[in-house]
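upload.tsv (TSV, C-alpha atoms)
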chain	number	residue	atom	x	y	z
A	1	MET	CA	318.44	1.21	215.60
A	2	GLN	CA	314.83	0.04	215.49
A	3	ARG	CA	313.77	3.10	213.50
A	4	LEU	CA	316.60	2.55	211.02
A	5	PHE	CA	315.54	-1.06	210.59
A	6	ILE	CA	311.90	-0.11	209.95
A	7	LEU	CA	312.89	2.64	207.50
A	8	THR	CA	315.10	0.29	205.54
A	9	LEU	CA	312.38	-2.34	205.32
A	10	SER	CA	310.06	0.28	203.82
A	11	LEU	CA	312.64	0.94	201.08
A	12	ILE	CA	313.11	-2.70	200.09
A	13	PRO	CA	310.16	-2.75	197.60
A	14	TRP	CA	311.97	0.00	195.69
A	15	ILE	CA	315.00	-2.18	195.13
A	16	PRO	CA	314.70	-4.37	192.01
A	17	ALA	CA	315.65	-8.01	191.95
A	18	VAL	CA	318.85	-7.04	190.18
A	19	LEU	CA	321.05	-3.96	190.44
A	20	CYS	CA	319.46	-0.72	189.24
A	21	TRP	CA	320.71	-0.25	185.69
A	22	VAL	CA	318.06	1.96	184.11
A	23	SER	CA	319.11	5.61	183.82
A	24	ILE	CA	317.57	8.77	182.39
A	25	GLN	CA	318.14	12.52	182.34
A	26	LYS	CA	316.71	13.99	185.55
A	27	GLU	CA	314.79	16.85	183.91
A	28	ILE	CA	313.49	17.34	180.38
A	29	THR	CA	311.91	20.48	178.93
A	30	GLY	CA	309.71	20.70	175.85
A	31	LEU	CA	307.81	23.48	174.13
A	32	GLU	CA	304.03	23.44	174.06
A	33	GLY	CA	302.82	22.18	170.68
A	34	GLY	CA	306.20	20.62	169.91
A	35	SER	CA	307.74	17.28	170.72
A	36	LEU	CA	310.47	15.85	172.92
A	37	THR	CA	312.59	12.73	172.82
A	38	VAL	CA	313.75	10.80	175.86
A	39	GLN	CA	316.54	8.21	175.89
A	40	CYS	CA	316.47	5.53	178.59
A	41	ARG	CA	319.63	3.46	179.04
A	42	TYR	CA	319.75	0.00	180.60
A	43	GLY	CA	322.18	-2.83	181.30
A	44	SER	CA	322.96	-5.51	178.74
A	45	HIS	CA	321.18	-8.13	180.87
A	46	HIS	CA	317.90	-6.25	180.21
A	47	ALA	CA	318.18	-6.45	176.42
A	48	ASN	CA	315.41	-9.02	175.96
A	49	HIS	CA	313.01	-7.58	178.53
A	50	VAL	CA	309.94	-5.50	177.72
A	51	LYS	CA	310.48	-1.76	178.15
A	52	TYR	CA	307.79	0.79	178.94
A	53	TRP	CA	307.12	4.50	179.56
A	54	CYS	CA	304.64	5.55	182.22
A	55	HIS	CA	303.26	8.71	183.81
A	56	GLY	CA	302.67	9.15	187.53
A	57	GLY	CA	304.00	10.54	190.78
A	58	THR	CA	304.88	7.09	192.16
A	59	ARG	CA	305.75	3.77	190.61
A	60	GLU	CA	302.74	2.13	192.22
A	61	PHE	CA	300.32	4.52	190.49
A	62	CYS	CA	302.01	4.92	187.14
A	63	GLU	CA	299.91	4.88	183.97
A	64	ILE	CA	301.72	3.02	181.20
A	65	LEU	CA	301.62	5.08	178.00
A	66	ALA	CA	303.76	2.91	175.73
A	67	ARG	CA	305.32	-0.56	175.75
A	68	THR	CA	307.81	-2.15	173.38
A	69	ASP	CA	305.56	-5.22	173.06
A	70	GLY	CA	302.70	-3.01	171.85
A	71	LYS	CA	300.39	-3.94	174.75
A	72	SER	CA	299.25	-0.44	175.61
A	73	ARG	CA	296.20	1.62	174.72
A	74	ALA	CA	298.07	4.87	174.30
A	75	ASN	CA	297.70	6.94	171.13
A	76	GLN	CA	300.81	6.12	169.08
A	77	ASN	CA	300.58	9.52	167.40
A	78	LYS	CA	301.03	11.04	170.85
A	79	VAL	CA	303.61	8.65	172.37
A	80	SER	CA	305.91	6.22	170.58
A	81	ILE	CA	308.61	3.90	171.88
A	82	SER	CA	311.44	1.97	170.21
A	83	ASP	CA	314.15	-0.27	171.63
A	84	ASN	CA	317.74	-0.41	170.40
A	85	ARG	CA	318.89	-3.68	171.93
A	86	ASP	CA	322.37	-3.43	170.45
A	87	GLY	CA	322.91	-0.03	172.03
A	88	PHE	CA	321.10	-0.96	175.29
A	89	MET	CA	318.81	2.05	175.04
A	90	PHE	CA	315.14	2.63	174.31
A	91	THR	CA	313.76	5.91	173.01
A	92	VAL	CA	310.44	7.56	173.79
A	93	THR	CA	308.97	10.39	171.71
A	94	MET	CA	306.07	12.56	172.91
A	95	ASN	CA	304.33	14.70	170.28
A	96	ASN	CA	301.89	17.62	170.32
A	97	LEU	CA	302.90	18.60	173.84
A	98	LYS	CA	300.45	20.34	176.16
A	99	GLU	CA	301.16	22.06	179.46
A	100	LYS	CA	299.09	19.36	181.17
A	101	ASP	CA	301.66	16.80	179.96
A	102	SER	CA	304.09	18.19	182.53
A	103	GLY	CA	304.82	15.86	185.43
A	104	TRP	CA	306.78	12.80	186.55
A	105	TYR	CA	307.52	10.01	184.10
A	106	TRP	CA	309.31	6.68	184.41
A	107	CYS	CA	311.49	4.56	182.15
A	108	GLY	CA	310.77	0.97	183.07
A	109	VAL	CA	312.16	-2.49	182.36
A	110	GLU	CA	309.64	-5.22	183.08
A	111	ILE	CA	311.04	-7.91	185.36
A	112	ALA	CA	308.44	-9.06	187.89
A	113	SER	CA	305.76	-6.85	189.43
A	114	TRP	CA	307.32	-4.55	192.08
A	115	ALA	CA	310.80	-5.74	191.08
A	116	ASP	CA	310.72	-3.82	187.76
A	117	ASP	CA	313.80	-1.71	187.19
A	118	LEU	CA	312.81	1.96	186.82
A	119	ALA	CA	314.24	5.47	186.68
A	120	PHE	CA	312.21	8.66	186.87
A	121	THR	CA	312.43	12.10	185.28
A	122	GLN	CA	310.48	15.33	185.44
A	123	VAL	CA	309.02	16.60	182.18
A	124	LYS	CA	308.27	20.33	181.94
A	125	VAL	CA	306.18	21.61	179.05
A	126	ILE	CA	306.48	25.37	178.70
A	127	HIS	CA	305.25	28.02	176.31
A	128	GLY	CA	307.86	30.36	174.95
A	129	VAL	CA	310.83	30.51	172.59
A	130	SER	CA	313.87	28.28	172.10
A	131	VAL	CA	316.62	27.77	169.53
A	132	VAL	CA	317.89	24.64	167.84
A	133	ASN	CA	321.51	25.70	168.47
A	134	SER	CA	322.44	28.28	171.11
A	135	THR	CA	325.84	28.82	169.45
A	136	VAL	CA	326.29	29.10	165.68
A	137	SER	CA	329.40	29.89	163.65
A	138	GLY	CA	330.32	30.72	160.09
A	139	GLU	CA	333.22	31.88	157.97
A	140	GLU	CA	333.74	35.52	157.10
A	141	GLY	CA	332.00	36.31	153.81
A	142	SER	CA	329.66	33.30	154.01
A	143	SER	CA	326.18	33.05	155.58
A	144	LEU	CA	324.65	31.17	158.51
A	145	THR	CA	321.11	30.47	159.68
A	146	VAL	CA	319.64	30.47	163.18
A	147	GLN	CA	316.43	28.50	163.70
A	148	CYS	CA	314.19	29.93	166.43
A	149	LEU	CA	311.26	27.85	167.70
A	150	TYR	CA	308.10	29.07	169.43
A	151	THR	CA	304.90	27.61	170.86
A	152	GLN	CA	301.50	27.78	169.20
A	153	ARG	CA	300.21	30.70	171.22
A	154	PHE	CA	302.92	32.86	169.58
A	155	ARG	CA	302.05	31.69	166.07
A	156	LEU	CA	300.67	35.08	165.04
A	157	SER	CA	302.95	37.19	167.24
A	158	GLU	CA	305.57	39.52	165.84
A	159	LYS	CA	309.03	37.94	165.70
A	160	LYS	CA	312.22	39.90	166.28
A	161	TRP	CA	315.95	39.47	165.90
A	162	CYS	CA	317.99	41.83	168.10
A	163	ARG	CA	321.57	42.39	169.03
A	164	SER	CA	321.81	41.96	172.80
A	165	GLY	CA	321.82	45.25	174.70
A	166	ASP	CA	320.84	47.30	171.65
A	167	LEU	CA	317.08	47.70	171.17
A	168	SER	CA	317.62	49.97	168.18
A	169	SER	CA	319.13	47.01	166.28
A	170	CYS	CA	315.93	44.92	166.42
A	171	LEU	CA	314.60	43.67	163.10
A	172	SER	CA	310.93	42.64	163.00
A	173	THR	CA	308.86	40.39	160.74
A	174	GLY	CA	305.91	42.78	161.03
A	175	SER	CA	302.53	41.79	159.64
A	176	LYS	CA	304.06	40.12	156.59
A	177	GLY	CA	305.84	37.49	158.65
A	178	SER	CA	309.15	38.21	156.98
A	179	TYR	CA	311.98	40.73	156.69
A	180	GLU	CA	314.98	41.07	154.38
A	181	ASP	CA	317.76	43.52	153.65
A	182	GLY	CA	321.29	43.22	152.36
A	183	SER	CA	322.65	41.50	155.45
A	184	VAL	CA	319.74	39.76	157.22
A	185	ALA	CA	316.71	37.73	156.13
A	186	ILE	CA	313.94	36.60	158.51
A	187	SER	CA	311.26	34.12	157.49
A	188	ASP	CA	308.40	32.94	159.74
A	189	ASP	CA	306.45	29.78	158.82
A	190	ARG	CA	303.61	30.91	161.15
A	191	LYS	CA	303.50	27.39	162.64
A	192	GLU	CA	306.41	26.76	164.97
A	193	ALA	CA	309.63	28.38	163.77
A	194	PHE	CA	311.25	31.38	162.17
A	195	ASN	CA	314.67	31.36	160.53
A	196	VAL	CA	317.20	34.18	160.69
A	197	THR	CA	319.87	34.16	157.97
A	198	LEU	CA	322.93	36.37	158.34
A	199	LYS	CA	324.36	37.08	154.89
A	200	LYS	CA	327.91	38.08	153.94
A	201	LEU	CA	329.24	37.65	157.45
A	202	GLN	CA	331.72	40.17	158.80
A	203	MET	CA	333.93	39.85	161.86
A	204	SER	CA	331.89	42.63	163.48
A	205	ASP	CA	328.79	40.41	163.30
A	206	ALA	CA	330.17	38.17	166.06
A	207	GLY	CA	328.43	38.52	169.43
A	208	TRP	CA	325.23	37.81	171.32
A	209	TYR	CA	321.77	38.13	169.79
A	210	SER	CA	318.23	37.23	170.80
A	211	CYS	CA	315.24	35.62	169.09
A	212	SER	CA	311.94	36.88	170.46
A	213	ALA	CA	308.24	36.21	169.99
A	214	GLY	CA	305.74	38.26	171.96
A	215	GLN	CA	307.37	38.92	175.35
A	216	GLN	CA	309.50	35.77	175.25
A	217	GLN	CA	313.11	35.66	174.06
A	218	VAL	CA	316.16	33.40	174.02
A	219	ASP	CA	319.85	34.25	173.56
A	220	VAL	CA	322.04	33.05	170.70
A	221	ARG	CA	325.80	33.41	170.28
A	222	VAL	CA	327.16	34.08	166.79
A	223	GLN	CA	330.80	33.31	166.04
A	224	VAL	CA	332.63	34.42	162.92
A	225	ARG	CA	335.99	32.97	161.92
A	226	PRO	CA	338.38	34.70	159.51
A	227	HIS	CA	338.20	33.75	155.86
A	228	GLY	CA	340.22	30.60	155.19
A	229	SER	CA	340.46	29.72	158.89
A	230	THR	CA	338.88	26.68	160.51
A	231	LYS	CA	339.41	27.91	164.07
A	232	THR	CA	336.88	29.73	166.22
A	233	GLU	CA	337.31	31.12	169.70
A	234	PRO	CA	336.76	28.42	172.32
A	235	VAL	CA	333.30	28.25	173.85
A	236	THR	CA	332.31	26.38	176.98
A	237	THR	CA	329.40	24.18	176.00
A	238	PRO	CA	327.52	21.44	177.82
A	239	PRO	CA	329.01	17.94	177.39
A	240	THR	CA	327.57	15.93	174.55
A	241	PRO	CA	326.65	12.23	174.48
A	242	SER	CA	329.71	11.57	172.33
A	243	GLN	CA	331.99	12.23	175.27
A	244	PRO	CA	332.76	8.89	177.02
A	245	TRP	CA	332.22	10.04	180.61
A	246	TYR	CA	328.92	11.70	179.74
A	247	ARG	CA	327.67	8.58	178.00
A	248	TYR	CA	327.84	6.62	181.24
A	249	ARG	CA	327.07	9.44	183.67
A	250	TYR	CA	323.44	8.54	184.28
A	251	MET	CA	324.28	4.86	184.61
A	252	LEU	CA	326.85	5.70	187.27
A	253	GLU	CA	324.32	7.87	189.11
A	254	SER	CA	321.87	4.98	189.10
A	255	ILE	CA	324.48	2.55	190.43
A	256	VAL	CA	325.43	4.95	193.23
A	257	GLY	CA	321.78	5.37	194.19
A	258	CYS	CA	321.14	1.65	194.32
A	259	SER	CA	324.36	1.03	196.22
A	260	SER	CA	323.15	3.48	198.85
A	261	LEU	CA	319.93	1.55	199.26
A	262	LEU	CA	321.80	-1.73	199.55
A	263	LEU	CA	324.02	-0.13	202.20
A	264	LEU	CA	320.90	0.80	204.17
A	265	VAL	CA	319.74	-2.81	203.99
A	266	GLY	CA	323.10	-3.93	205.31
A	267	LEU	CA	322.89	-1.44	208.19
A	268	ALA	CA	319.39	-2.64	209.02
A	269	VAL	CA	320.53	-6.25	209.13
A	270	LEU	CA	323.42	-5.25	211.38
A	271	ALA	CA	321.07	-3.27	213.63
A	272	ARG	CA	318.78	-6.27	213.94
A	273	LYS	CA	321.66	-8.51	214.96
A	274	ILE	CA	322.74	-5.97	217.59
A	275	LEU	CA	319.20	-5.79	218.99
A	276	ARG	CA	319.00	-9.57	219.19
A	277	LYS	CA	322.35	-9.72	220.91
A	278	LYS	CA	321.27	-7.13	223.48
A	279	ALA	CA	318.01	-8.97	224.11
A	280	SER	CA	319.91	-12.22	224.59
A	281	SER	CA	322.31	-10.51	226.99
A	282	ARG	CA	319.44	-9.12	229.08
A	283	PHE	CA	317.82	-12.53	229.21
A	284	LYS	CA	321.03	-14.05	230.53
A	285	GLU	CA	321.25	-11.34	233.20
A	286	THR	CA	317.71	-12.21	234.27
A	287	GLU	CA	318.65	-15.89	234.52
A	288	GLU	CA	321.47	-14.94	236.87
A	289	ILE	CA	318.94	-13.17	239.14
A	290	PHE	CA	316.94	-16.39	239.48
A	291	PRO	CA	319.60	-19.10	239.41
A	292	ASP	CA	317.72	-21.36	241.86
A	293	ASN	CA	314.19	-20.19	241.25
A	294	PRO	CA	312.85	-21.47	237.90
A	295	LYS	CA	309.33	-20.53	238.98
A	296	GLY	CA	310.37	-16.92	239.50
A	297	MET	CA	311.94	-16.92	236.06
A	298	ARG	CA	308.78	-18.23	234.43
A	299	ASP	CA	306.65	-15.69	236.30
A	300	LEU	CA	308.88	-12.87	235.09
A	301	GLN	CA	308.53	-14.06	231.50
A	302	ARG	CA	304.74	-14.18	231.84
A	303	SER	CA	304.67	-10.69	233.30
A	304	LYS	CA	306.27	-9.39	230.13
A	305	GLU	CA	303.39	-10.73	228.09
A	306	HIS	CA	300.66	-9.17	230.26
A	307	ILE	CA	299.15	-5.79	229.47
A	308	ILE	CA	297.65	-3.77	232.24
A	309	LYS	CA	293.91	-3.77	231.70
A	310	PHE	CA	291.24	-1.46	233.06
A	311	ASP	CA	287.93	-2.99	233.98
A	312	LYS	CA	284.58	-1.28	233.51
A	313	LYS	CA	284.76	0.27	236.96
A	314	GLY	CA	288.03	2.03	236.09
A	315	THR	CA	290.18	-0.15	238.35
A	316	MET	CA	293.42	-1.77	237.30
A	317	ASN	CA	293.86	-5.51	237.22
A	318	LEU	CA	297.51	-6.31	237.75
A	319	PRO	CA	298.94	-9.76	237.14
A	320	THR	CA	299.17	-11.79	240.34
A	321	TYR	CA	301.77	-14.37	241.11
Written as structure tokens, how would this file's structure read?
Amino acid sequence: MQRLFILTLSLIPWIPAVLCWVSIQKEITGLEGGSLTVQCRYGSHHANHVKYWCHGGTREFCEILARTDGKSRANQNKVSISDNRDGFMFTVTMNNLKEKDSGWYWCGVEIASWADDLAFTQVKVIHGVSVVNSTVSGEEGSSLTVQCLYTQRFRLSEKKWCRSGDLSSCLSTGSKGSYEDGSVAISDDRKEAFNVTLKKLQMSDAGWYSCSAGQQQVDVRVQVRPHGSTKTEPVTTPPTPSQPWYRYRYMLESIVGCSSLLLLVGLAVLARKILRKKASSRFKETEEIFPDNPKGMRDLQRSKEHIIKFDKKGTMNLPTY
């Protein structure tokens, strides 16, 4: 019980003065040389508070990179912040990402010193290839474009578009940075992206493909619907912010986390009451041992306060009565 009480007391500084309402995605990935956008949600009662974005492993040692009141020394070309008070959300954008930008970051609402309401996330900056949309679709006979992104170190690398599982189908940009035939066109801007356009789509074009730069690649699914049809085969995709439950998912996670901390506080308070009750009970039992001897009772109390001491000769001095 005592250990639980001490542990809970150590967690109290992490509990804000109000319920934890700030929420954020738990992990965010960005490509080196590119940018990423983070959305931090908060409760309506925080609308008029200052919001900030900071970098650090703990909230006590967190370097503030941007504040909505403008009181930060951060390079605005690197980090920017904006607050949508009507939507109860502030947005942070980090540009020109470097691998060293990876680490722990915090969305914060300024309240009062250690009582600020915060939520943390892990940012990972990687070098490699990604796509704007992992699933694309088009109508038979029309065309569609896949946008493949890559980091700066692959700027001059050869780019390829391949049908998954068939290396002989790979089409390369070569030294020109482009490729085109009657059905496919590839164009590389030599900065951060190359576009693949599939022309005159056929039903046989549906399937999995890959964008690659250097030794890195990412998969893309192409769907083709019959001419005149608006239906495509169902695809399981991650939930989007437009779905009601997803919109409030992070807020619910935050509430559950804070409720757990508050429960610990309640358990600690209960443990303390139990300890006091036990101490009181033991004291009463001691009183019963010395019902007619007040002096003995006082001596016993004093003995509790004494600590056995060793003198310089190595002997023990015990309390005498």
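Distance-wise, CA of Gln152 in chain A and CA of Gly57 in chain A end up 27.7 Å apart.
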Exercise. To one decimal place, how far is CA of Asp219 in chain A from CA of Val125 in chain A in Å?
Worked result: 19.4 Å
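Distance annotation: of A:Val123, A:Ala47, A:Leu144, A:Val136, the residue with the minimal separation from Met94 in chain A is A:Val123; atom set is all atoms listed in the file.
Atom pair CA of Thr151 in chain A / CA of Leu31 in chain A has a distance of 6.0 Å (rounded to one decimal).
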Problem set entry | Residue neighbourhood Val92 in chain A, 12 Å, only C-alpha atoms, exclusion window fewer than 6 positions, as number ranges by chain | A: 24, 35-41, 51-54, 65-68, 76-84, 105-108
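Comparing the minimum interatomic distances between Ser134 in chain A and each of A:Val184, A:Val220, A:Val22, A:Phe120, counting all atoms listed in the file, we find that A:Val220 sits nearest.
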For this session: Identify, on the basis of all atoms listed in the file, every residue whose closest approach to Tyr209 in chain A does not exceed 9 Å; exclude the query and any residue fewer than 5 positions from it along the same chain; express the result as a list in words.
Result: Trp161, Cys162, Arg163, Ser164, Gly165, Val218, Asp219, Val220, Arg221 and Val222 of chain A
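Nearest to Glu140 in chain A of all the residues A:Ser187, A:Ser229, A:Ser72, A:Thr93 is A:Ser229, counting all atoms listed in the file.
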For this session: Determine, counting only C-alpha atoms, which protein, DNA and RNA residues have an atom within 9 Å of an atom of Arg153 in chain A; residues of the same chain fewer than 5 positions away are not included. Present the result as a VMD selection string.
Result: chain A and resid 32 to 33 127 to 128
Test item: axis-aligned box, all listed atoms of range 166-183 of chain A, 6 Å on each side, centre and edges in Å rounded to one decimal, as JSON:
{"center_x": 312.6, "center_y": 43.7, "center_z": 162.0, "size_x": 32.1, "size_y": 24.5, "size_z": 31.3}
Exercise. Which of these, A:Glu99, A:Asp166, A:Asp116, A:Glu158, has the shortest distance to Ile186 in chain A once you count all atoms listed in the file?
Worked result: A:Glu158
Could you pull the residues within 12 Å of Asp86 in chain A, counting only C-alpha atoms, minus those fewer than 5 positions along the same chain, as a PDB file with C-alpha atoms, in the frame of the given file?
ATOM      1  CA  ARG A  41     319.630   3.460 179.040  1.00  0.00           C
ATOM      2  CA  TYR A  42     319.750   0.000 180.600  1.00  0.00           C
ATOM      3  CA  GLY A  43     322.180  -2.830 181.300  1.00  0.00           C
ATOM      4  CA  SER A  44     322.960  -5.510 178.740  1.00  0.00           C
ATOM      5  CA  HIS A  45     321.180  -8.130 180.870  1.00  0.00           C
ATOM      6  CA  HIS A  46     317.900  -6.250 180.210  1.00  0.00           C
ATOM      7  CA  ALA A  47     318.180  -6.450 176.420  1.00  0.00           C
ATOM      8  CA  ASN A  48     315.410  -9.020 175.960  1.00  0.00           C
TER       9      ASN A  48
END
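Comparing the minimum interatomic distances between Val146 in chain A and each of A:Asn95, A:Ser210, A:Gln217, A:Thr173, counting only C-alpha atoms, we find that A:Ser210 sits nearest.
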